[in-house]
$ cat input19.csv   # CSV, N, CA and C atoms and all ligand atoms
chain,number,residue,atom,x,y,z
A,1,MET,N,97.8,-24.3,-27.4
A,1,MET,CA,96.4,-24.0,-27.3
A,1,MET,C,95.9,-23.7,-28.7
A,2,ASN,N,94.9,-24.4,-29.1
A,2,ASN,CA,94.3,-24.1,-30.4
A,2,ASN,C,93.4,-22.9,-30.3
A,3,GLN,N,93.4,-22.1,-31.4
A,3,GLN,CA,92.6,-20.9,-31.4
A,3,GLN,C,91.1,-21.1,-31.1
A,4,THR,N,90.6,-22.3,-31.5
A,4,THR,CA,89.2,-22.5,-31.3
A,4,THR,C,88.9,-23.2,-29.9
A,5,ASP,N,89.9,-23.4,-29.1
A,5,ASP,CA,89.7,-24.0,-27.8
A,5,ASP,C,89.0,-23.2,-26.9
A,6,VAL,N,88.5,-23.8,-25.8
A,6,VAL,CA,87.9,-23.0,-24.7
A,6,VAL,C,89.0,-22.3,-24.0
A,7,LEU,N,88.8,-21.0,-23.7
A,7,LEU,CA,89.7,-20.2,-22.9
A,7,LEU,C,89.1,-20.0,-21.5
A,8,ARG,N,90.0,-20.0,-20.5
A,8,ARG,CA,89.5,-19.8,-19.1
A,8,ARG,C,90.2,-18.7,-18.5
A,9,GLY,N,89.5,-18.0,-17.6
A,9,GLY,CA,90.1,-16.9,-16.9
A,9,GLY,C,89.5,-16.7,-15.5
A,10,SER,N,90.1,-15.9,-14.7
A,10,SER,CA,89.6,-15.6,-13.4
A,10,SER,C,90.1,-14.2,-12.9
A,11,CYS,N,89.5,-13.7,-11.8
A,11,CYS,CA,89.9,-12.4,-11.3
A,11,CYS,C,91.0,-12.6,-10.3
A,12,LEU,N,91.6,-11.5,-9.8
A,12,LEU,CA,92.7,-11.5,-8.8
A,12,LEU,C,92.4,-12.3,-7.6
A,13,CYS,N,91.2,-12.1,-7.0
A,13,CYS,CA,90.9,-12.8,-5.7
A,13,CYS,C,90.4,-14.2,-5.9
A,14,GLY,N,90.1,-14.6,-7.2
A,14,GLY,CA,89.7,-15.9,-7.5
A,14,GLY,C,88.2,-16.2,-7.3
A,15,GLY,N,87.5,-15.1,-6.9
A,15,GLY,CA,86.1,-15.3,-6.6
A,15,GLY,C,85.3,-15.5,-7.9
A,16,ILE,N,85.8,-15.0,-9.0
A,16,ILE,CA,85.1,-15.2,-10.3
A,16,ILE,C,86.0,-16.0,-11.2
A,17,ALA,N,85.4,-17.0,-11.8
A,17,ALA,CA,86.0,-17.8,-12.9
A,17,ALA,C,85.1,-17.9,-14.1
A,18,TYR,N,85.6,-17.8,-15.2
A,18,TYR,CA,84.8,-17.8,-16.5
A,18,TYR,C,85.5,-18.6,-17.5
A,19,ARG,N,84.7,-19.0,-18.5
A,19,ARG,CA,85.2,-19.7,-19.7
A,19,ARG,C,84.6,-19.1,-20.9
A,20,VAL,N,85.3,-19.1,-22.0
A,20,VAL,CA,84.8,-18.6,-23.3
A,20,VAL,C,85.2,-19.6,-24.3
A,21,GLN,N,84.3,-19.7,-25.3
A,21,GLN,CA,84.6,-20.5,-26.5
A,21,GLN,C,85.4,-19.7,-27.5
A,22,GLY,N,86.6,-20.2,-27.9
A,22,GLY,CA,87.3,-19.5,-28.9
A,22,GLY,C,86.6,-19.6,-30.2
A,23,PRO,N,87.1,-19.0,-31.3
A,23,PRO,CA,88.3,-18.2,-31.3
A,23,PRO,C,88.1,-16.8,-30.7
A,24,ALA,N,89.2,-16.3,-30.2
A,24,ALA,CA,89.2,-14.9,-29.8
A,24,ALA,C,89.8,-14.1,-31.0
A,25,SER,N,89.2,-12.9,-31.3
A,25,SER,CA,89.7,-12.2,-32.5
A,25,SER,C,89.9,-10.7,-32.1
A,26,HIS,N,90.6,-10.0,-33.0
A,26,HIS,CA,90.8,-8.6,-32.9
A,26,HIS,C,91.4,-8.2,-31.5
A,27,ALA,N,92.4,-9.0,-31.1
A,27,ALA,CA,93.1,-8.6,-29.9
A,27,ALA,C,93.8,-7.3,-30.1
A,28,SER,N,93.7,-6.4,-29.1
A,28,SER,CA,94.2,-5.1,-29.2
A,28,SER,C,94.6,-4.5,-27.8
A,29,HIS,N,95.6,-3.6,-27.9
A,29,HIS,CA,95.9,-2.7,-26.8
A,29,HIS,C,95.1,-1.4,-27.0
A,30,CYS,N,94.2,-1.1,-26.0
A,30,CYS,CA,93.5,0.1,-26.2
A,30,CYS,C,94.0,1.2,-25.2
A,31,TYR,N,94.4,2.3,-25.8
A,31,TYR,CA,95.0,3.4,-25.0
A,31,TYR,C,94.0,4.5,-24.8
A,32,CYS,N,92.8,4.3,-24.9
A,32,CYS,CA,91.8,5.4,-24.6
A,32,CYS,C,91.9,5.7,-23.1
A,33,THR,N,91.5,6.9,-22.8
A,33,THR,CA,91.7,7.4,-21.5
A,33,THR,C,90.8,6.7,-20.5
A,34,MET,N,89.6,6.1,-21.0
A,34,MET,CA,88.8,5.4,-20.1
A,34,MET,C,89.4,4.0,-19.7
A,35,CYS,N,90.0,3.4,-20.7
A,35,CYS,CA,90.8,2.1,-20.4
A,35,CYS,C,91.9,2.4,-19.4
A,36,GLN,N,92.6,3.5,-19.6
A,36,GLN,CA,93.7,3.9,-18.7
A,36,GLN,C,93.2,4.1,-17.3
A,37,LYS,N,92.1,4.8,-17.1
A,37,LYS,CA,91.5,5.0,-15.8
A,37,LYS,C,91.1,3.7,-15.2
A,38,GLN,N,90.3,2.9,-16.0
A,38,GLN,CA,89.8,1.7,-15.4
A,38,GLN,C,90.9,0.7,-15.0
A,39,HIS,N,91.9,0.5,-15.8
A,39,HIS,CA,92.9,-0.5,-15.6
A,39,HIS,C,94.0,0.1,-14.7
A,40,GLY,N,94.1,1.4,-14.6
A,40,GLY,CA,95.2,2.0,-13.8
A,40,GLY,C,96.5,1.7,-14.5
A,41,ALA,N,96.5,1.7,-15.8
A,41,ALA,CA,97.7,1.3,-16.6
A,41,ALA,C,97.7,2.0,-17.9
A,42,ALA,N,98.7,1.7,-18.7
A,42,ALA,CA,98.8,2.4,-20.0
A,42,ALA,C,97.7,2.0,-21.0
A,43,SER,N,97.2,0.8,-20.9
A,43,SER,CA,96.1,0.4,-21.8
A,43,SER,C,95.3,-0.7,-21.2
A,44,GLY,N,94.2,-0.9,-21.8
A,44,GLY,CA,93.4,-2.2,-21.6
A,44,GLY,C,93.7,-3.1,-22.8
A,45,THR,N,93.8,-4.4,-22.5
A,45,THR,CA,94.1,-5.3,-23.6
A,45,THR,C,93.0,-6.3,-23.7
A,46,TYR,N,92.3,-6.3,-24.8
A,46,TYR,CA,91.1,-7.1,-25.0
A,46,TYR,C,91.1,-7.9,-26.3
A,47,ALA,N,90.3,-9.0,-26.3
A,47,ALA,CA,90.0,-9.6,-27.6
A,47,ALA,C,88.5,-10.0,-27.6
A,48,ASN,N,88.0,-10.0,-28.8
A,48,ASN,CA,86.5,-10.3,-28.9
A,48,ASN,C,86.2,-11.8,-29.0
A,49,VAL,N,85.1,-12.1,-28.3
A,49,VAL,CA,84.6,-13.5,-28.5
A,49,VAL,C,83.1,-13.4,-28.6
A,50,ALA,N,82.5,-14.5,-29.0
A,50,ALA,CA,81.0,-14.5,-29.1
A,50,ALA,C,80.4,-14.5,-27.7
A,51,ARG,N,79.5,-13.6,-27.5
A,51,ARG,CA,78.8,-13.5,-26.2
A,51,ARG,C,78.1,-14.8,-25.8
A,52,ALA,N,77.6,-15.6,-26.8
A,52,ALA,CA,76.9,-16.8,-26.4
A,52,ALA,C,77.9,-17.8,-25.8
A,53,GLY,N,79.2,-17.7,-26.1
A,53,GLY,CA,80.1,-18.7,-25.5
A,53,GLY,C,80.8,-18.2,-24.2
A,54,TYR,N,80.3,-17.1,-23.7
A,54,TYR,CA,80.9,-16.5,-22.4
A,54,TYR,C,80.1,-17.0,-21.2
A,55,VAL,N,80.7,-17.8,-20.4
A,55,VAL,CA,80.0,-18.4,-19.2
A,55,VAL,C,80.8,-18.1,-17.9
A,56,VAL,N,80.1,-17.5,-17.0
A,56,VAL,CA,80.7,-17.3,-15.7
A,56,VAL,C,80.4,-18.5,-14.9
A,57,GLU,N,81.5,-19.2,-14.5
A,57,GLU,CA,81.4,-20.5,-13.9
A,57,GLU,C,81.3,-20.4,-12.3
A,58,ARG,N,81.9,-19.3,-11.8
A,58,ARG,CA,81.9,-19.1,-10.4
A,58,ARG,C,81.8,-17.6,-10.1
A,59,GLY,N,81.1,-17.2,-9.1
A,59,GLY,CA,81.1,-15.9,-8.6
A,59,GLY,C,80.3,-14.9,-9.5
A,60,ALA,N,79.3,-15.3,-10.1
A,60,ALA,CA,78.4,-14.4,-11.0
A,60,ALA,C,77.9,-13.3,-10.1
A,61,GLU,N,77.7,-13.5,-8.8
A,61,GLU,CA,77.2,-12.4,-8.0
A,61,GLU,C,78.2,-11.3,-7.7
A,62,LEU,N,79.5,-11.6,-8.0
A,62,LEU,CA,80.5,-10.6,-7.8
A,62,LEU,C,80.8,-9.7,-9.0
A,63,VAL,N,80.3,-10.2,-10.2
A,63,VAL,CA,80.5,-9.4,-11.4
A,63,VAL,C,79.6,-8.2,-11.4
A,64,THR,N,80.3,-7.0,-11.5
A,64,THR,CA,79.7,-5.7,-11.5
A,64,THR,C,80.0,-5.0,-12.8
A,65,GLU,N,79.0,-4.2,-13.2
A,65,GLU,CA,79.2,-3.5,-14.5
A,65,GLU,C,79.2,-2.0,-14.2
A,66,TYR,N,80.0,-1.3,-14.9
A,66,TYR,CA,80.0,0.2,-14.8
A,66,TYR,C,79.7,0.7,-16.3
A,67,ALA,N,78.7,1.5,-16.4
A,67,ALA,CA,78.4,2.1,-17.7
A,67,ALA,C,79.3,3.3,-17.9
A,68,SER,N,80.3,3.1,-18.7
A,68,SER,CA,81.3,4.1,-19.0
A,68,SER,C,80.9,5.1,-20.1
A,69,SER,N,79.9,4.7,-20.8
A,69,SER,CA,79.4,5.6,-21.8
A,69,SER,C,77.9,5.1,-22.1
A,70,GLU,N,77.3,5.7,-23.0
A,70,GLU,CA,75.9,5.4,-23.2
A,70,GLU,C,75.7,3.9,-23.5
A,71,HIS,N,76.6,3.3,-24.3
A,71,HIS,CA,76.5,2.0,-24.8
A,71,HIS,C,77.5,1.0,-24.2
A,72,GLY,N,78.6,1.6,-23.6
A,72,GLY,CA,79.7,0.8,-23.1
A,72,GLY,C,79.5,0.3,-21.7
A,73,ARG,N,79.8,-1.0,-21.5
A,73,ARG,CA,79.6,-1.6,-20.1
A,73,ARG,C,81.0,-2.3,-19.8
A,74,ARG,N,81.5,-1.9,-18.6
A,74,ARG,CA,82.8,-2.5,-18.2
A,74,ARG,C,82.6,-3.4,-17.0
A,75,GLY,N,82.9,-4.7,-17.2
A,75,GLY,CA,82.7,-5.6,-16.1
A,75,GLY,C,83.9,-5.8,-15.2
A,76,PHE,N,83.7,-5.9,-13.9
A,76,PHE,CA,84.8,-6.0,-13.0
A,76,PHE,C,84.4,-6.8,-11.8
A,77,CYS,N,85.3,-7.3,-11.0
A,77,CYS,CA,85.0,-8.0,-9.7
A,77,CYS,C,84.8,-7.0,-8.6
A,78,LYS,N,83.7,-7.0,-7.9
A,78,LYS,CA,83.5,-6.0,-6.9
A,78,LYS,C,84.3,-6.3,-5.6
A,79,VAL,N,85.0,-7.4,-5.5
A,79,VAL,CA,85.8,-7.7,-4.4
A,79,VAL,C,87.3,-7.2,-4.7
A,80,CYS,N,87.9,-7.6,-5.8
A,80,CYS,CA,89.3,-7.3,-6.0
A,80,CYS,C,89.5,-6.2,-7.1
A,81,GLY,N,88.5,-5.9,-7.9
A,81,GLY,CA,88.6,-4.8,-8.9
A,81,GLY,C,89.1,-5.3,-10.2
A,82,SER,N,89.4,-6.6,-10.4
A,82,SER,CA,89.9,-7.0,-11.7
A,82,SER,C,89.0,-6.7,-12.8
A,83,THR,N,89.5,-6.2,-13.9
A,83,THR,CA,88.7,-5.9,-15.0
A,83,THR,C,88.5,-7.1,-15.9
A,84,LEU,N,87.3,-7.4,-16.2
A,84,LEU,CA,87.0,-8.7,-16.8
A,84,LEU,C,86.6,-8.6,-18.3
A,85,PHE,N,85.7,-7.6,-18.6
A,85,PHE,CA,85.2,-7.5,-20.0
A,85,PHE,C,84.8,-6.1,-20.3
A,86,TRP,N,84.6,-5.9,-21.6
A,86,TRP,CA,84.0,-4.7,-22.1
A,86,TRP,C,82.9,-5.2,-23.1
A,87,ARG,N,81.7,-4.6,-23.0
A,87,ARG,CA,80.7,-4.9,-24.0
A,87,ARG,C,79.9,-3.7,-24.4
A,88,SER,N,79.3,-3.8,-25.5
A,88,SER,CA,78.4,-2.7,-26.0
A,88,SER,C,77.0,-3.1,-26.1
A,89,THR,N,76.1,-2.3,-25.6
A,89,THR,CA,74.7,-2.7,-25.7
A,89,THR,C,74.2,-2.7,-27.1
A,90,GLU,N,75.0,-2.1,-28.0
A,90,GLU,CA,74.7,-2.0,-29.4
A,90,GLU,C,75.2,-3.2,-30.2
A,91,ALA,N,76.0,-4.0,-29.6
A,91,ALA,CA,76.5,-5.3,-30.2
A,91,ALA,C,76.4,-6.4,-29.2
A,92,PRO,N,75.2,-6.9,-28.9
A,92,PRO,CA,75.0,-7.9,-27.9
A,92,PRO,C,75.5,-9.3,-28.2
A,93,ASP,N,75.9,-9.5,-29.5
A,93,ASP,CA,76.4,-10.8,-29.9
A,93,ASP,C,77.8,-11.0,-29.5
A,94,ARG,N,78.6,-10.0,-29.1
A,94,ARG,CA,80.0,-10.2,-28.7
A,94,ARG,C,80.4,-9.5,-27.5
A,95,ILE,N,81.5,-10.0,-26.9
A,95,ILE,CA,82.0,-9.4,-25.7
A,95,ILE,C,83.5,-9.4,-25.8
A,96,ALA,N,84.2,-8.4,-25.2
A,96,ALA,CA,85.6,-8.2,-25.3
A,96,ALA,C,86.2,-8.6,-23.9
A,97,ILE,N,87.0,-9.7,-23.9
A,97,ILE,CA,87.5,-10.1,-22.6
A,97,ILE,C,88.9,-9.6,-22.4
A,98,THR,N,89.3,-9.4,-21.2
A,98,THR,CA,90.6,-8.8,-20.9
A,98,THR,C,91.6,-10.0,-20.9
A,99,LEU,N,92.7,-9.8,-21.7
A,99,LEU,CA,93.6,-10.9,-21.9
A,99,LEU,C,94.4,-11.2,-20.7
A,100,GLY,N,94.6,-10.2,-19.8
A,100,GLY,CA,95.4,-10.4,-18.6
A,100,GLY,C,94.7,-11.3,-17.6
A,101,THR,N,93.4,-11.6,-17.7
A,101,THR,CA,92.8,-12.5,-16.7
A,101,THR,C,92.7,-13.9,-17.2
A,102,LEU,N,93.3,-14.2,-18.4
A,102,LEU,CA,93.2,-15.6,-18.9
A,102,LEU,C,94.3,-16.4,-18.3
A,103,GLU,N,93.9,-17.7,-18.0
A,103,GLU,CA,94.8,-18.7,-17.5
A,103,GLU,C,94.6,-20.0,-18.3
A,104,PRO,N,95.5,-20.6,-19.0
A,104,PRO,CA,96.9,-20.1,-19.1
A,104,PRO,C,96.9,-18.8,-20.0
A,105,GLU,N,98.1,-18.3,-20.0
A,105,GLU,CA,98.4,-17.1,-20.8
A,105,GLU,C,97.9,-17.1,-22.2
A,106,TYR,N,97.3,-16.1,-22.7
A,106,TYR,CA,96.8,-16.0,-24.1
A,106,TYR,C,98.1,-16.1,-25.0
A,107,ASP,N,97.9,-17.0,-26.0
A,107,ASP,CA,99.1,-17.2,-26.8
A,107,ASP,C,98.9,-16.7,-28.2
A,108,GLY,N,97.9,-16.0,-28.5
A,108,GLY,CA,97.7,-15.4,-29.8
A,108,GLY,C,98.4,-14.1,-29.9
A,109,PRO,N,98.5,-13.6,-31.1
A,109,PRO,CA,99.1,-12.3,-31.3
A,109,PRO,C,98.2,-11.1,-31.0
A,110,VAL,N,98.7,-10.0,-30.5
A,110,VAL,CA,97.9,-8.8,-30.4
A,110,VAL,C,98.3,-7.9,-31.7
A,111,GLN,N,97.3,-7.7,-32.5
A,111,GLN,CA,97.5,-7.2,-33.8
A,111,GLN,C,97.2,-5.7,-34.0
A,112,ARG,N,96.6,-5.1,-33.0
A,112,ARG,CA,96.2,-3.7,-33.2
A,112,ARG,C,96.4,-2.9,-31.9
A,113,GLU,N,96.7,-1.6,-32.1
A,113,GLU,CA,96.7,-0.6,-31.0
A,113,GLU,C,95.6,0.4,-31.3
A,114,LEU,N,94.7,0.7,-30.3
A,114,LEU,CA,93.6,1.6,-30.5
A,114,LEU,C,93.9,2.9,-29.7
A,115,HIS,N,93.4,4.0,-30.2
A,115,HIS,CA,93.5,5.3,-29.6
A,115,HIS,C,94.9,5.6,-29.2
A,116,THR,N,95.8,5.4,-30.2
A,116,THR,CA,97.2,5.7,-29.9
A,116,THR,C,97.5,7.2,-29.7
A,117,ASP,N,96.5,8.0,-30.1
A,117,ASP,CA,96.6,9.5,-29.8
A,117,ASP,C,96.7,9.8,-28.4
A,118,THR,N,96.2,8.9,-27.5
A,118,THR,CA,96.4,9.1,-26.1
A,118,THR,C,97.3,8.1,-25.4
A,119,LYS,N,98.1,7.4,-26.2
A,119,LYS,CA,99.1,6.5,-25.7
A,119,LYS,C,100.1,7.3,-24.8
A,120,PRO,N,100.3,6.8,-23.5
A,120,PRO,CA,101.1,7.6,-22.6
A,120,PRO,C,102.5,7.8,-23.1
A,121,ARG,N,103.0,9.0,-22.9
A,121,ARG,CA,104.4,9.3,-23.3
A,121,ARG,C,105.4,8.6,-22.4
A,122,TRP,N,104.9,8.2,-21.2
A,122,TRP,CA,105.8,7.5,-20.3
A,122,TRP,C,105.9,6.0,-20.5
A,123,LEU,N,105.1,5.5,-21.5
A,123,LEU,CA,105.1,4.0,-21.6
A,123,LEU,C,106.4,3.4,-22.0
A,124,PRO,N,107.1,3.9,-23.0
A,124,PRO,CA,108.3,3.2,-23.4
A,124,PRO,C,109.4,3.3,-22.2
A,125,VAL,N,110.1,2.2,-22.0
A,125,VAL,CA,111.1,2.2,-21.0
A,125,VAL,C,112.4,2.8,-21.7
A,126,ARG,N,113.0,3.7,-21.0
A,126,ARG,CA,114.2,4.3,-21.6
A,126,ARG,C,115.1,4.7,-20.5
B,201,ZN,ZN,87.9,-10.9,-7.6
B,202,ZN,ZN,89.8,1.8,-24.4
$ encode --input "input19.csv" --output "structure tokens"
Amino acid sequence: MNQTDVLRGSCLCGGIAYRVQGPASHASHCYCTMCQKQHGAASGTYANVARAGYVVERGAELVTEYASSEHGRRGFCKVCGSTLFWRSTEAPDRIAITLGTLEPEYDGPVQRELHTDTKPRWLPVR
């Protein structure tokens, strides 16, 4: 997969399908406590893409947003709960997509960890 290719993704139930125009940038594992709560996991993993290239091809009526802060909006499927994106109303030109919803698997590197101060102590396998 070339970095500038179209990326495709879907939610767990398959009701929502989307495509985005690459390249995706700033891929990161975010360990903030809001990502942990929303994902039910150690982190949320996202990469930024241009908002203009984000297209919901199926199930737009299922995409639900939760305002997790004054400017933050977290998109998810109202049927299966899959987390789809994070966006800020202060930066309407871009959107952060969840790498775990991409098909085929994202093949770029994840280069950053965010909010490591709240990275769970139980995360490493030992
Ligand atoms: Zn779904
Ligand atoms: Zn976060």
$ select_by_dssp --input "input19.csv" --residues "chain A" --states "helix (DSSP H, G or I)" --output "list of chain:residue names"
A:Thr33, A:Met34, A:Cys35, A:Gln36, A:Lys37, A:Gln38, A:His39, A:Arg51, A:Ala52, A:Gly53, A:Ala60, A:Glu61, A:Leu62, A:Leu99, A:Gly100, A:Thr101, A:Thr116, A:Asp117, A:Thr118
$ residues_around --input "input19.csv" --residues "A:Tyr46" --least-positions-apart "4" --cutoff "12 Å" --atoms "only C-alpha atoms" --output "number ranges by chain"
A: 24-31, 35, 39, 74, 83-87, 95-102, 106, 108-114
$ residues_near_ligand --input "input19.csv" --ligand "ligand ZN 201 (chain B)" --cutoff "10 Å" --atoms "only C-alpha atoms and all ligand atoms" --output "list in words"
Ser10, Cys11, Leu12, Cys13, Gly14, Gly15, Ile16, Ala17, Gly59, Leu62, Val63, Phe76, Cys77, Lys78, Val79, Cys80, Gly81, Ser82, Thr83 and Leu84 of chain A
$ select_by_dssp --input "input19.csv" --residues "stretch 24-96 of chain A" --states "strand (DSSP E or B)" --output "MDAnalysis selection string"
chainID A and resid 25:30 44:50 54:58 63:67 72:77 83:88 94:96
$ write_last_selection --input "input19.csv" --atoms "N, CA and C atoms" --output "tab-separated table (two decimals), in the coordinates of the input"
chain	number	residue	atom	x	y	z
A	25	SER	N	89.20	-12.90	-31.30
A	25	SER	CA	89.70	-12.20	-32.50
A	25	SER	C	89.90	-10.70	-32.10
A	26	HIS	N	90.60	-10.00	-33.00
A	26	HIS	CA	90.80	-8.60	-32.90
A	26	HIS	C	91.40	-8.20	-31.50
A	27	ALA	N	92.40	-9.00	-31.10
A	27	ALA	CA	93.10	-8.60	-29.90
A	27	ALA	C	93.80	-7.30	-30.10
A	28	SER	N	93.70	-6.40	-29.10
A	28	SER	CA	94.20	-5.10	-29.20
A	28	SER	C	94.60	-4.50	-27.80
A	29	HIS	N	95.60	-3.60	-27.90
A	29	HIS	CA	95.90	-2.70	-26.80
A	29	HIS	C	95.10	-1.40	-27.00
A	30	CYS	N	94.20	-1.10	-26.00
A	30	CYS	CA	93.50	0.10	-26.20
A	30	CYS	C	94.00	1.20	-25.20
A	44	GLY	N	94.20	-0.90	-21.80
A	44	GLY	CA	93.40	-2.20	-21.60
A	44	GLY	C	93.70	-3.10	-22.80
A	45	THR	N	93.80	-4.40	-22.50
A	45	THR	CA	94.10	-5.30	-23.60
A	45	THR	C	93.00	-6.30	-23.70
A	46	TYR	N	92.30	-6.30	-24.80
A	46	TYR	CA	91.10	-7.10	-25.00
A	46	TYR	C	91.10	-7.90	-26.30
A	47	ALA	N	90.30	-9.00	-26.30
A	47	ALA	CA	90.00	-9.60	-27.60
A	47	ALA	C	88.50	-10.00	-27.60
A	48	ASN	N	88.00	-10.00	-28.80
A	48	ASN	CA	86.50	-10.30	-28.90
A	48	ASN	C	86.20	-11.80	-29.00
A	49	VAL	N	85.10	-12.10	-28.30
A	49	VAL	CA	84.60	-13.50	-28.50
A	49	VAL	C	83.10	-13.40	-28.60
A	50	ALA	N	82.50	-14.50	-29.00
A	50	ALA	CA	81.00	-14.50	-29.10
A	50	ALA	C	80.40	-14.50	-27.70
A	54	TYR	N	80.30	-17.10	-23.70
A	54	TYR	CA	80.90	-16.50	-22.40
A	54	TYR	C	80.10	-17.00	-21.20
A	55	VAL	N	80.70	-17.80	-20.40
A	55	VAL	CA	80.00	-18.40	-19.20
A	55	VAL	C	80.80	-18.10	-17.90
A	56	VAL	N	80.10	-17.50	-17.00
A	56	VAL	CA	80.70	-17.30	-15.70
A	56	VAL	C	80.40	-18.50	-14.90
A	57	GLU	N	81.50	-19.20	-14.50
A	57	GLU	CA	81.40	-20.50	-13.90
A	57	GLU	C	81.30	-20.40	-12.30
A	58	ARG	N	81.90	-19.30	-11.80
A	58	ARG	CA	81.90	-19.10	-10.40
A	58	ARG	C	81.80	-17.60	-10.10
A	63	VAL	N	80.30	-10.20	-10.20
A	63	VAL	CA	80.50	-9.40	-11.40
A	63	VAL	C	79.60	-8.20	-11.40
A	64	THR	N	80.30	-7.00	-11.50
A	64	THR	CA	79.70	-5.70	-11.50
A	64	THR	C	80.00	-5.00	-12.80
A	65	GLU	N	79.00	-4.20	-13.20
A	65	GLU	CA	79.20	-3.50	-14.50
A	65	GLU	C	79.20	-2.00	-14.20
A	66	TYR	N	80.00	-1.30	-14.90
A	66	TYR	CA	80.00	0.20	-14.80
A	66	TYR	C	79.70	0.70	-16.30
A	67	ALA	N	78.70	1.50	-16.40
A	67	ALA	CA	78.40	2.10	-17.70
A	67	ALA	C	79.30	3.30	-17.90
A	72	GLY	N	78.60	1.60	-23.60
A	72	GLY	CA	79.70	0.80	-23.10
A	72	GLY	C	79.50	0.30	-21.70
A	73	ARG	N	79.80	-1.00	-21.50
A	73	ARG	CA	79.60	-1.60	-20.10
A	73	ARG	C	81.00	-2.30	-19.80
A	74	ARG	N	81.50	-1.90	-18.60
A	74	ARG	CA	82.80	-2.50	-18.20
A	74	ARG	C	82.60	-3.40	-17.00
A	75	GLY	N	82.90	-4.70	-17.20
A	75	GLY	CA	82.70	-5.60	-16.10
A	75	GLY	C	83.90	-5.80	-15.20
A	76	PHE	N	83.70	-5.90	-13.90
A	76	PHE	CA	84.80	-6.00	-13.00
A	76	PHE	C	84.40	-6.80	-11.80
A	77	CYS	N	85.30	-7.30	-11.00
A	77	CYS	CA	85.00	-8.00	-9.70
A	77	CYS	C	84.80	-7.00	-8.60
A	83	THR	N	89.50	-6.20	-13.90
A	83	THR	CA	88.70	-5.90	-15.00
A	83	THR	C	88.50	-7.10	-15.90
A	84	LEU	N	87.30	-7.40	-16.20
A	84	LEU	CA	87.00	-8.70	-16.80
A	84	LEU	C	86.60	-8.60	-18.30
A	85	PHE	N	85.70	-7.60	-18.60
A	85	PHE	CA	85.20	-7.50	-20.00
A	85	PHE	C	84.80	-6.10	-20.30
A	86	TRP	N	84.60	-5.90	-21.60
A	86	TRP	CA	84.00	-4.70	-22.10
A	86	TRP	C	82.90	-5.20	-23.10
A	87	ARG	N	81.70	-4.60	-23.00
A	87	ARG	CA	80.70	-4.90	-24.00
A	87	ARG	C	79.90	-3.70	-24.40
A	88	SER	N	79.30	-3.80	-25.50
A	88	SER	CA	78.40	-2.70	-26.00
A	88	SER	C	77.00	-3.10	-26.10
A	94	ARG	N	78.60	-10.00	-29.10
A	94	ARG	CA	80.00	-10.20	-28.70
A	94	ARG	C	80.40	-9.50	-27.50
A	95	ILE	N	81.50	-10.00	-26.90
A	95	ILE	CA	82.00	-9.40	-25.70
A	95	ILE	C	83.50	-9.40	-25.80
A	96	ALA	N	84.20	-8.40	-25.20
A	96	ALA	CA	85.60	-8.20	-25.30
A	96	ALA	C	86.20	-8.60	-23.90
$ closest_residue --input "input19.csv" --among "A:Ser68, A:Gln36, A:Gln21, A:Thr4" --to "ligand ZN 202 (chain B)" --atoms "all atoms listed in the file"
A:Gln36
$ atom_distance --input "input19.csv" --atom1 "atom C of A:Lys119" --atom2 "atom C of A:Ser43"
10.0 Å
$ closest_residue --input "input19.csv" --among "A:His115, A:Glu70, A:Arg8, A:Ser88" --to "ligand ZN 202 (chain B)" --atoms "all atoms listed in the file"
A:His115
$ closest_residue --input "input19.csv" --among "A:Val56, A:Val125, A:Leu7, A:Ala50" --to "A:Pro92" --atoms "all atoms listed in the file"
A:Ala50
$ decode --input "input19.csv" --residues "stretch 24-53 of chain A" --atoms "C-alpha atoms" --output "PDB file, in the first residue's frame"
ATOM      1  CA  ALA A  24      -2.145   9.431   6.920  1.00  0.00           C
ATOM      2  CA  SER A  25       0.268  11.224   9.230  1.00  0.00           C
ATOM      3  CA  HIS A  26       1.194  11.495  12.885  1.00  0.00           C
ATOM      4  CA  ALA A  27       0.091   7.975  13.766  1.00  0.00           C
ATOM      5  CA  SER A  28       0.088   7.678  17.547  1.00  0.00           C
ATOM      6  CA  HIS A  29      -0.998   5.604  20.493  1.00  0.00           C
ATOM      7  CA  CYS A  30      -2.861   7.939  22.834  1.00  0.00           C
ATOM      8  CA  TYR A  31      -2.959   6.878  26.478  1.00  0.00           C
ATOM      9  CA  CYS A  32      -5.132   9.722  27.734  1.00  0.00           C
ATOM     10  CA  THR A  33      -7.820   8.577  30.119  1.00  0.00           C
ATOM     11  CA  MET A  34     -10.579   9.611  27.710  1.00  0.00           C
ATOM     12  CA  CYS A  35      -9.197   7.341  24.985  1.00  0.00           C
ATOM     13  CA  GLN A  36      -8.892   4.541  27.536  1.00  0.00           C
ATOM     14  CA  LYS A  37     -12.523   4.936  28.541  1.00  0.00           C
ATOM     15  CA  GLN A  38     -13.869   5.231  25.032  1.00  0.00           C
ATOM     16  CA  HIS A  39     -11.863   2.331  23.610  1.00  0.00           C
ATOM     17  CA  GLY A  40     -12.046   0.195  26.742  1.00  0.00           C
ATOM     18  CA  ALA A  41      -8.355  -0.421  26.159  1.00  0.00           C
ATOM     19  CA  ALA A  42      -4.881   0.846  26.996  1.00  0.00           C
ATOM     20  CA  SER A  43      -4.942   3.440  24.250  1.00  0.00           C
ATOM     21  CA  GLY A  44      -6.651   4.811  21.225  1.00  0.00           C
ATOM     22  CA  THR A  45      -4.542   4.602  18.087  1.00  0.00           C
ATOM     23  CA  TYR A  46      -5.114   7.268  15.478  1.00  0.00           C
ATOM     24  CA  ALA A  47      -3.580   8.902  12.432  1.00  0.00           C
ATOM     25  CA  ASN A  48      -4.465  12.252  10.896  1.00  0.00           C
ATOM     26  CA  VAL A  49      -5.911  12.662   7.429  1.00  0.00           C
ATOM     27  CA  ALA A  50      -7.382  15.592   5.539  1.00  0.00           C
ATOM     28  CA  ARG A  51     -11.043  16.036   6.450  1.00  0.00           C
ATOM     29  CA  ALA A  52     -11.913  16.781   2.826  1.00  0.00           C
ATOM     30  CA  GLY A  53     -10.833  13.259   1.866  1.00  0.00           C
TER      31      GLY A  53
END
